[in-house]
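Notes follow once the structure below has been shown.
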Amino acid sequence: MKLIFFLIFLLTGLSGLMTVLTKDLFRSALYLGLTLFGTGLLYLFMGYDFVGWTQILVYVGGVVLLMIFTIMLARESIMRPLENTVRNPFTSGLFAILIFLLLLLVGKTFYFSPIGLEKDITFLSNLIFQSKYVIPFEILSILLLVAFMGAIILSKRD
Amino acid sequence: MDLKALFYLSIFLFSLGLYGVLSRRNALGILISLELIFNSANLNFGLFSFAWGDPSGVLTIIFGISITALEIVVGFSIIILLFRLRRTSNADEIEILKG
């Protein structure tokens, strides 16, 4: 179990690294899918069954597919891969490393004790429908509808 | 189940996404890196929800996943529109708003 956790951990980190470093944008999207899949598996390890499978379904099944379609649409010819050139990598890398060190410093102050949650799915539905989160949930559904209509209107050829 | 290691993974993914957002020229690449940042934030919510026994972090993941999905949909449709107008998806060659 520990070995499997370590392997998934390594898979997530390395494919995240490859997402940023790969030249070809198509492969970058595929590596992103691998990262999101690994994160979903980590949610499963934490006992969040519903969240893990939702992550895999929505992200890997939906969002990455959408990205791949968009990348295929937004290149000038099929033969030429979409180059993903990098502009001033040293400054950005410096900023990223600084933020990493800052967050590392912040993380030193936390005390991690795995309390855990109840594994049952009903705690989520209780949280949504029997507490104060029901209005944000409904607003979120309206937001989704508006965003999808906006996307259709924007990308429609008239 | 090593929560500290998961925290390090989360901030590692966040830094990688920040590097990608700052350094990539293509707008699609910027959106992909942004997705890494959202993912690391979601992982952090889940991890602290587990560590402190507070279930509202899990709810935030669900909300975050749906908001990320719609952000990606709108962003990609804008990029496709720009590609149709300008034949490029490089973020520094698009200057329609320049005035």
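Ordering of the structure tokens sets the chain letters (A, B, ...), residue numbers begin anew at 1 in every chain, and ligands are numbered from 1 in the order given.
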Give the alpha helix (DSSP H) residues of chain A, as DSSP finds them on the backbone, and put them as a ChimeraX atom specification.
/A:2-21,25-46,49-54,64-73,89-107,122-129,134-155
Write a file of the just-selected residues containing C-alpha atoms, as a CSV table (one decimal), in the first residue's frame.
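What landed in result-v5.csv:
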```
chain,number,residue,atom,x,y,z
A,2,LYS,CA,2.8,2.3,0.9
A,3,LEU,CA,4.6,1.4,-2.3
A,4,ILE,CA,1.5,2.1,-4.4
A,5,PHE,CA,1.1,5.5,-2.7
A,6,PHE,CA,4.7,6.4,-3.4
A,7,LEU,CA,4.4,5.3,-7.1
A,8,ILE,CA,1.2,7.4,-7.6
A,9,PHE,CA,2.9,10.3,-5.8
A,10,LEU,CA,5.9,10.1,-8.1
A,11,LEU,CA,3.7,9.7,-11.2
A,12,THR,CA,1.8,12.9,-10.3
A,13,GLY,CA,4.9,15.0,-9.6
A,14,LEU,CA,6.8,13.8,-12.7
A,15,SER,CA,4.0,14.2,-15.1
A,16,GLY,CA,3.4,17.7,-13.6
A,17,LEU,CA,7.0,18.5,-14.4
A,18,MET,CA,6.7,17.2,-17.9
A,19,THR,CA,3.5,19.2,-18.5
A,20,VAL,CA,5.5,22.4,-18.1
A,21,LEU,CA,8.7,21.3,-19.7
A,25,LEU,CA,1.5,21.4,-26.6
A,26,PHE,CA,-0.4,18.2,-27.5
A,27,ARG,CA,1.9,16.1,-25.3
A,28,SER,CA,1.7,18.8,-22.6
A,29,ALA,CA,-2.1,18.3,-22.5
A,30,LEU,CA,-1.7,14.5,-22.3
A,31,TYR,CA,0.8,14.9,-19.4
A,32,LEU,CA,-1.7,17.2,-17.7
A,33,GLY,CA,-4.3,14.5,-18.0
A,34,LEU,CA,-1.9,12.1,-16.3
A,35,THR,CA,-1.3,14.6,-13.5
A,36,LEU,CA,-5.0,15.0,-12.9
A,37,PHE,CA,-5.5,11.3,-12.9
A,38,GLY,CA,-2.8,10.9,-10.3
A,39,THR,CA,-4.4,13.5,-8.1
A,40,GLY,CA,-7.7,11.7,-8.4
A,41,LEU,CA,-6.0,8.5,-7.2
A,42,LEU,CA,-4.6,10.4,-4.3
A,43,TYR,CA,-8.1,11.6,-3.4
A,44,LEU,CA,-9.1,7.9,-3.4
A,45,PHE,CA,-6.2,7.2,-1.1
A,46,MET,CA,-7.5,9.9,1.3
A,49,ASP,CA,-14.3,8.2,-3.2
A,50,PHE,CA,-16.9,10.5,-4.7
A,51,VAL,CA,-14.4,13.4,-5.2
A,52,GLY,CA,-11.7,11.1,-6.7
A,53,TRP,CA,-14.0,9.6,-9.3
A,54,THR,CA,-15.5,13.0,-10.1
A,64,VAL,CA,-8.5,17.2,-21.2
A,65,LEU,CA,-10.5,16.0,-24.1
A,66,LEU,CA,-11.7,19.6,-24.7
A,67,MET,CA,-8.1,20.8,-24.5
A,68,ILE,CA,-7.0,18.2,-27.1
A,69,PHE,CA,-9.8,19.3,-29.4
A,70,THR,CA,-8.9,22.9,-29.0
A,71,ILE,CA,-5.2,22.2,-29.7
A,72,MET,CA,-6.1,20.4,-32.8
A,73,LEU,CA,-8.4,23.2,-34.0
A,89,PRO,CA,12.5,31.1,-18.6
A,90,PHE,CA,15.1,32.3,-16.0
A,91,THR,CA,13.0,35.1,-14.5
A,92,SER,CA,9.9,32.9,-14.3
A,93,GLY,CA,11.9,30.0,-12.9
A,94,LEU,CA,13.4,32.3,-10.2
A,95,PHE,CA,9.9,33.5,-9.3
A,96,ALA,CA,8.6,29.9,-9.1
A,97,ILE,CA,11.5,28.8,-6.9
A,98,LEU,CA,11.0,31.8,-4.6
A,99,ILE,CA,7.3,31.0,-4.2
A,100,PHE,CA,8.1,27.3,-3.6
A,101,LEU,CA,10.5,28.3,-0.8
A,102,LEU,CA,8.0,30.7,0.7
A,103,LEU,CA,5.3,28.1,0.7
A,104,LEU,CA,7.7,25.6,2.2
A,105,LEU,CA,8.3,28.0,5.0
A,106,VAL,CA,4.6,28.4,5.5
A,107,GLY,CA,4.2,24.7,5.6
A,122,THR,CA,-24.0,11.1,2.7
A,123,PHE,CA,-22.0,13.6,4.6
A,124,LEU,CA,-21.5,15.5,1.4
A,125,SER,CA,-25.2,15.6,0.5
A,126,ASN,CA,-26.0,16.5,4.1
A,127,LEU,CA,-23.5,19.3,3.9
A,128,ILE,CA,-24.9,20.6,0.6
A,129,PHE,CA,-28.6,20.2,1.1
A,134,VAL,CA,-27.5,25.1,-0.8
A,135,ILE,CA,-27.7,28.6,-2.2
A,136,PRO,CA,-24.1,28.6,-3.5
A,137,PHE,CA,-24.8,25.2,-5.1
A,138,GLU,CA,-27.8,26.5,-7.0
A,139,ILE,CA,-25.9,29.7,-8.0
A,140,LEU,CA,-23.1,27.5,-9.3
A,141,SER,CA,-25.5,25.6,-11.5
A,142,ILE,CA,-26.8,28.9,-13.0
A,143,LEU,CA,-23.2,30.0,-13.5
A,144,LEU,CA,-22.5,26.7,-15.4
A,145,LEU,CA,-25.5,27.2,-17.7
A,146,VAL,CA,-24.5,30.8,-18.4
A,147,ALA,CA,-20.9,29.9,-19.1
A,148,PHE,CA,-21.8,27.1,-21.5
A,149,MET,CA,-24.2,29.3,-23.4
A,150,GLY,CA,-21.5,32.0,-23.6
A,151,ALA,CA,-19.1,29.5,-25.0
A,152,ILE,CA,-21.5,28.4,-27.6
A,153,ILE,CA,-22.3,32.0,-28.6
A,154,LEU,CA,-18.6,32.9,-28.7
A,155,SER,CA,-17.4,30.0,-30.8
```
Within 7 Å of chain A: residues of chain B, using only C-alpha atoms, as an MDAnalysis selection string:
chainID B and resid 3:4 9 11:13 15:16 18:20 22:26 29 32:33 50:53 55 59 62 69:70 73:74 76:78 80:81 83
For C-alpha atoms, I'd like the residues from the last selection saved as an mmCIF file, in the first residue's frame.
```
data_model
loop_
_atom_site.group_PDB
_atom_site.id
_atom_site.type_symbol
_atom_site.label_atom_id
_atom_site.label_comp_id
_atom_site.auth_asym_id
_atom_site.auth_seq_id
_atom_site.Cartn_x
_atom_site.Cartn_y
_atom_site.Cartn_z
ATOM 1 C CA LEU B 3 0.144 14.207 4.654
ATOM 2 C CA LYS B 4 3.359 16.201 4.748
ATOM 3 C CA LEU B 9 3.492 17.700 -3.789
ATOM 4 C CA ILE B 11 3.193 23.269 -3.465
ATOM 5 C CA PHE B 12 5.478 21.672 -6.049
ATOM 6 C CA LEU B 13 2.604 21.525 -8.537
ATOM 7 C CA SER B 15 5.220 26.332 -8.414
ATOM 8 C CA LEU B 16 5.310 24.386 -11.674
ATOM 9 C CA LEU B 18 3.318 29.406 -11.836
ATOM 10 C CA TYR B 19 6.428 28.801 -13.917
ATOM 11 C CA GLY B 20 4.253 27.691 -16.834
ATOM 12 C CA LEU B 22 4.860 33.094 -16.516
ATOM 13 C CA SER B 23 6.996 31.509 -19.205
ATOM 14 C CA ARG B 24 4.733 30.098 -21.899
ATOM 15 C CA ARG B 25 3.992 32.176 -24.973
ATOM 16 C CA ASN B 26 1.002 30.257 -26.253
ATOM 17 C CA GLY B 29 -0.115 26.614 -22.738
ATOM 18 C CA ILE B 32 -2.911 24.316 -19.225
ATOM 19 C CA SER B 33 -0.499 25.618 -16.590
ATOM 20 C CA PHE B 50 -8.390 15.387 5.957
ATOM 21 C CA ALA B 51 -5.853 16.744 8.412
ATOM 22 C CA TRP B 52 -8.263 18.842 10.445
ATOM 23 C CA GLY B 53 -11.397 16.717 10.113
ATOM 24 C CA PRO B 55 -15.712 18.308 5.685
ATOM 25 C CA LEU B 59 -17.221 20.568 -0.756
ATOM 26 C CA ILE B 62 -16.481 19.878 -5.827
ATOM 27 C CA ALA B 69 -14.392 23.296 -15.986
ATOM 28 C CA LEU B 70 -16.432 26.346 -16.953
ATOM 29 C CA VAL B 73 -14.657 26.144 -21.588
ATOM 30 C CA VAL B 74 -14.955 29.924 -21.825
ATOM 31 C CA PHE B 76 -10.833 27.933 -24.910
ATOM 32 C CA SER B 77 -13.744 29.346 -26.861
ATOM 33 C CA ILE B 78 -12.167 32.822 -26.614
ATOM 34 C CA ILE B 80 -10.562 29.690 -30.795
ATOM 35 C CA LEU B 81 -12.275 32.986 -31.650
ATOM 36 C CA PHE B 83 -7.316 32.162 -33.626
#
```
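Here CA of Glu71 in chain B stands at a distance of 10.8 Å from CA of Phe38 in chain B.
The coordinates place CA of Thr60 in chain B at 16.1 Å from CA of Gln130 in chain A.
Closest approach to Gly57 in chain B among B:Asn39, B:Thr88, B:Ser10, B:Asn44 is made by B:Asn44 (distances from only C-alpha atoms).
Counting only C-alpha atoms, the residue from B:Asp2, B:Ala27, B:Glu93, B:Phe45 that sits nearest to Ile72 in chain B is B:Ala27.
Closest to Ser89 in chain B among B:Phe48, B:Gly75, B:Asn42, B:Asp54 is B:Gly75, based on only C-alpha atoms.
The two atoms in question, CA of Phe7 in chain B and CA of Leu47 in chain B, are spaced 7.3 Å apart.
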